[in-house]
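Shown here: upload25.pdb, PDB, C-alpha atoms.
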```
ATOM      1  CA  MET O1178      20.682  38.528-201.004  1.00  0.00           C
ATOM      2  CA  LYS O1179      20.251  37.475-197.381  1.00  0.00           C
ATOM      3  CA  GLU O1180      23.249  36.971-195.138  1.00  0.00           C
ATOM      4  CA  THR O1181      24.036  33.555-193.733  1.00  0.00           C
ATOM      5  CA  VAL O1182      23.094  33.217-190.075  1.00  0.00           C
ATOM      6  CA  SER O1183      25.904  31.979-187.882  1.00  0.00           C
ATOM      7  CA  HIS O1184      25.074  29.530-185.121  1.00  0.00           C
ATOM      8  CA  HIS O1185      27.993  30.389-182.865  1.00  0.00           C
ATOM      9  CA  HIS O1186      27.131  30.557-179.192  1.00  0.00           C
ATOM     10  CA  PRO O1187      27.715  33.881-177.433  1.00  0.00           C
ATOM     11  CA  LYS O1188      30.769  34.154-175.241  1.00  0.00           C
ATOM     12  CA  VAL O1189      30.220  33.712-171.533  1.00  0.00           C
ATOM     13  CA  ILE O1190      31.777  35.988-168.932  1.00  0.00           C
ATOM     14  CA  LYS O1191      33.412  33.724-166.395  1.00  0.00           C
ATOM     15  CA  LYS O1192      34.700  36.345-163.970  1.00  0.00           C
ATOM     16  CA  LEU O1193      34.116  40.009-163.206  1.00  0.00           C
ATOM     17  CA  GLN O1194      36.303  41.832-160.699  1.00  0.00           C
ATOM     18  CA  PHE O1195      35.883  45.289-159.197  1.00  0.00           C
ATOM     19  CA  SER O1196      38.472  47.150-157.208  1.00  0.00           C
ATOM     20  CA  LEU O1197      39.279  50.583-155.839  1.00  0.00           C
ATOM     21  CA  LEU O1198      42.221  52.736-156.856  1.00  0.00           C
ATOM     22  CA  ASN O1199      44.709  53.897-154.286  1.00  0.00           C
ATOM     23  CA  PRO O1200      45.283  57.668-153.975  1.00  0.00           C
ATOM     24  CA  GLN O1201      48.510  57.560-156.005  1.00  0.00           C
ATOM     25  CA  ASP O1202      46.763  55.849-158.925  1.00  0.00           C
ATOM     26  CA  VAL O1203      43.931  58.385-158.839  1.00  0.00           C
ATOM     27  CA  VAL O1204      46.415  61.255-159.115  1.00  0.00           C
ATOM     28  CA  LYS O1205      48.330  59.458-161.868  1.00  0.00           C
ATOM     29  CA  LEU O1206      45.147  58.979-163.924  1.00  0.00           C
ATOM     30  CA  SER O1207      43.654  62.395-163.232  1.00  0.00           C
ATOM     31  CA  GLU O1208      46.422  64.679-164.420  1.00  0.00           C
ATOM     32  CA  PHE O1209      48.598  65.036-167.494  1.00  0.00           C
ATOM     33  CA  GLN O1210      50.714  67.701-169.110  1.00  0.00           C
ATOM     34  CA  VAL O1211      49.325  69.504-172.158  1.00  0.00           C
ATOM     35  CA  THR O1212      52.167  69.482-174.691  1.00  0.00           C
ATOM     36  CA  HIS O1213      50.398  70.248-177.991  1.00  0.00           C
ATOM     37  CA  ARG O1214      48.668  73.467-179.087  1.00  0.00           C
ATOM     38  CA  GLU O1215      46.618  71.837-181.830  1.00  0.00           C
ATOM     39  CA  LEU O1216      42.966  71.155-181.111  1.00  0.00           C
ATOM     40  CA  TYR O1217      42.269  68.383-183.639  1.00  0.00           C
ATOM     41  CA  THR O1218      44.269  66.053-185.877  1.00  0.00           C
ATOM     42  CA  ALA O1219      44.205  67.044-189.543  1.00  0.00           C
ATOM     43  CA  ALA O1220      43.492  63.556-190.853  1.00  0.00           C
ATOM     44  CA  ASP O1221      40.506  62.428-188.782  1.00  0.00           C
ATOM     45  CA  ARG O1222      39.470  65.584-186.885  1.00  0.00           C
ATOM     46  CA  LEU O1223      39.812  63.915-183.468  1.00  0.00           C
ATOM     47  CA  PRO O1224      41.117  65.783-180.416  1.00  0.00           C
ATOM     48  CA  VAL O1225      44.935  65.713-180.261  1.00  0.00           C
ATOM     49  CA  LYS O1226      46.372  63.456-177.533  1.00  0.00           C
ATOM     50  CA  ASP O1227      48.038  65.601-174.844  1.00  0.00           C
ATOM     51  CA  GLY O1228      46.396  68.674-176.399  1.00  0.00           C
ATOM     52  CA  VAL O1229      43.997  71.209-174.911  1.00  0.00           C
ATOM     53  CA  LEU O1230      40.977  69.141-176.000  1.00  0.00           C
ATOM     54  CA  ASP O1231      42.387  65.739-174.964  1.00  0.00           C
ATOM     55  CA  ARG O1232      39.539  63.293-174.346  1.00  0.00           C
ATOM     56  CA  ARG O1233      40.828  62.598-170.830  1.00  0.00           C
ATOM     57  CA  LEU O1234      39.741  66.063-169.707  1.00  0.00           C
ATOM     58  CA  VAL O1235      35.986  66.017-170.353  1.00  0.00           C
ATOM     59  CA  PRO O1236      33.725  64.704-173.086  1.00  0.00           C
ATOM     60  CA  LEU O1237      32.953  67.329-175.709  1.00  0.00           C
ATOM     61  CA  LEU O1238      29.203  67.008-175.649  1.00  0.00           C
ATOM     62  CA  PRO O1239      26.793  69.926-175.650  1.00  0.00           C
ATOM     63  CA  PHE O1240      24.923  70.366-172.394  1.00  0.00           C
ATOM     64  CA  SER O1241      21.330  69.284-172.470  1.00  0.00           C
ATOM     65  CA  PRO O1242      19.014  69.376-169.452  1.00  0.00           C
ATOM     66  CA  PRO O1243      17.522  66.076-168.322  1.00  0.00           C
ATOM     67  CA  PRO O1244      14.104  65.222-169.753  1.00  0.00           C
ATOM     68  CA  PRO O1245      11.069  66.045-167.569  1.00  0.00           C
ATOM     69  CA  HIS O1246       9.647  63.212-165.509  1.00  0.00           C
TER
END
```

Could you write out this structure as structure tokens?
Amino acid sequence: MKETVSHHHPKVIKKLQFSLLNPQDVVKLSEFQVTHRELYTAADRLPVKDGVLDRRLVPLLPFSPPPPH
């Protein structure tokens, strides 16, 4: 059975604003205290917040060299 096609118009972005962070905000966002020893949550196997594999540190992706040009 085919799905019904909706005729809603896409939302329009009315404003986009860029800004720079001051040095205090950069420090605040770039450091945190590791307070948990666990690597992953038992339920969904995601990195534990404030743990040694917290997503704020680095993405956990295997290194792959860029494709040749």

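Distances from O:Pro1224, O:Lys1188, O:Thr1181, O:Val1229 to Gln1210 of chain O were compared using all atoms listed in the file, and the smallest one belongs to O:Val1229.
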
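You will find atom CA of Leu1223 of chain O at 18.3 Å from atom CA of Phe1209 of chain O.
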
Worksheet entry | Of the listed residues O:Leu1193, O:Leu1198, O:His1184, O:Asp1227, that which approaches His1213 of chain O most closely, counting all atoms listed in the file | O:Asp1227

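The space between atom CA of Thr1212 of chain O and atom CA of Asn1199 of chain O spans 26.7 Å.
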
Discussion item. One decimal, in Å: what's the spacing between atom CA of Tyr1217 of chain O and atom CA of Arg1233 of chain O?
Written reply: 14.1 Å

Take every atom of segment 1222-1236 of chain O listed in the file, fit an axis-aligned box around them, add 3 Å per side, and give the centre and edge lengths in Å to one decimal as AutoDock Vina command-line options.
```
--center_x 40.9 --center_y 66.9 --center_z -178.3 --size_x 20.3 --size_y 14.6 --size_z 23.2
```
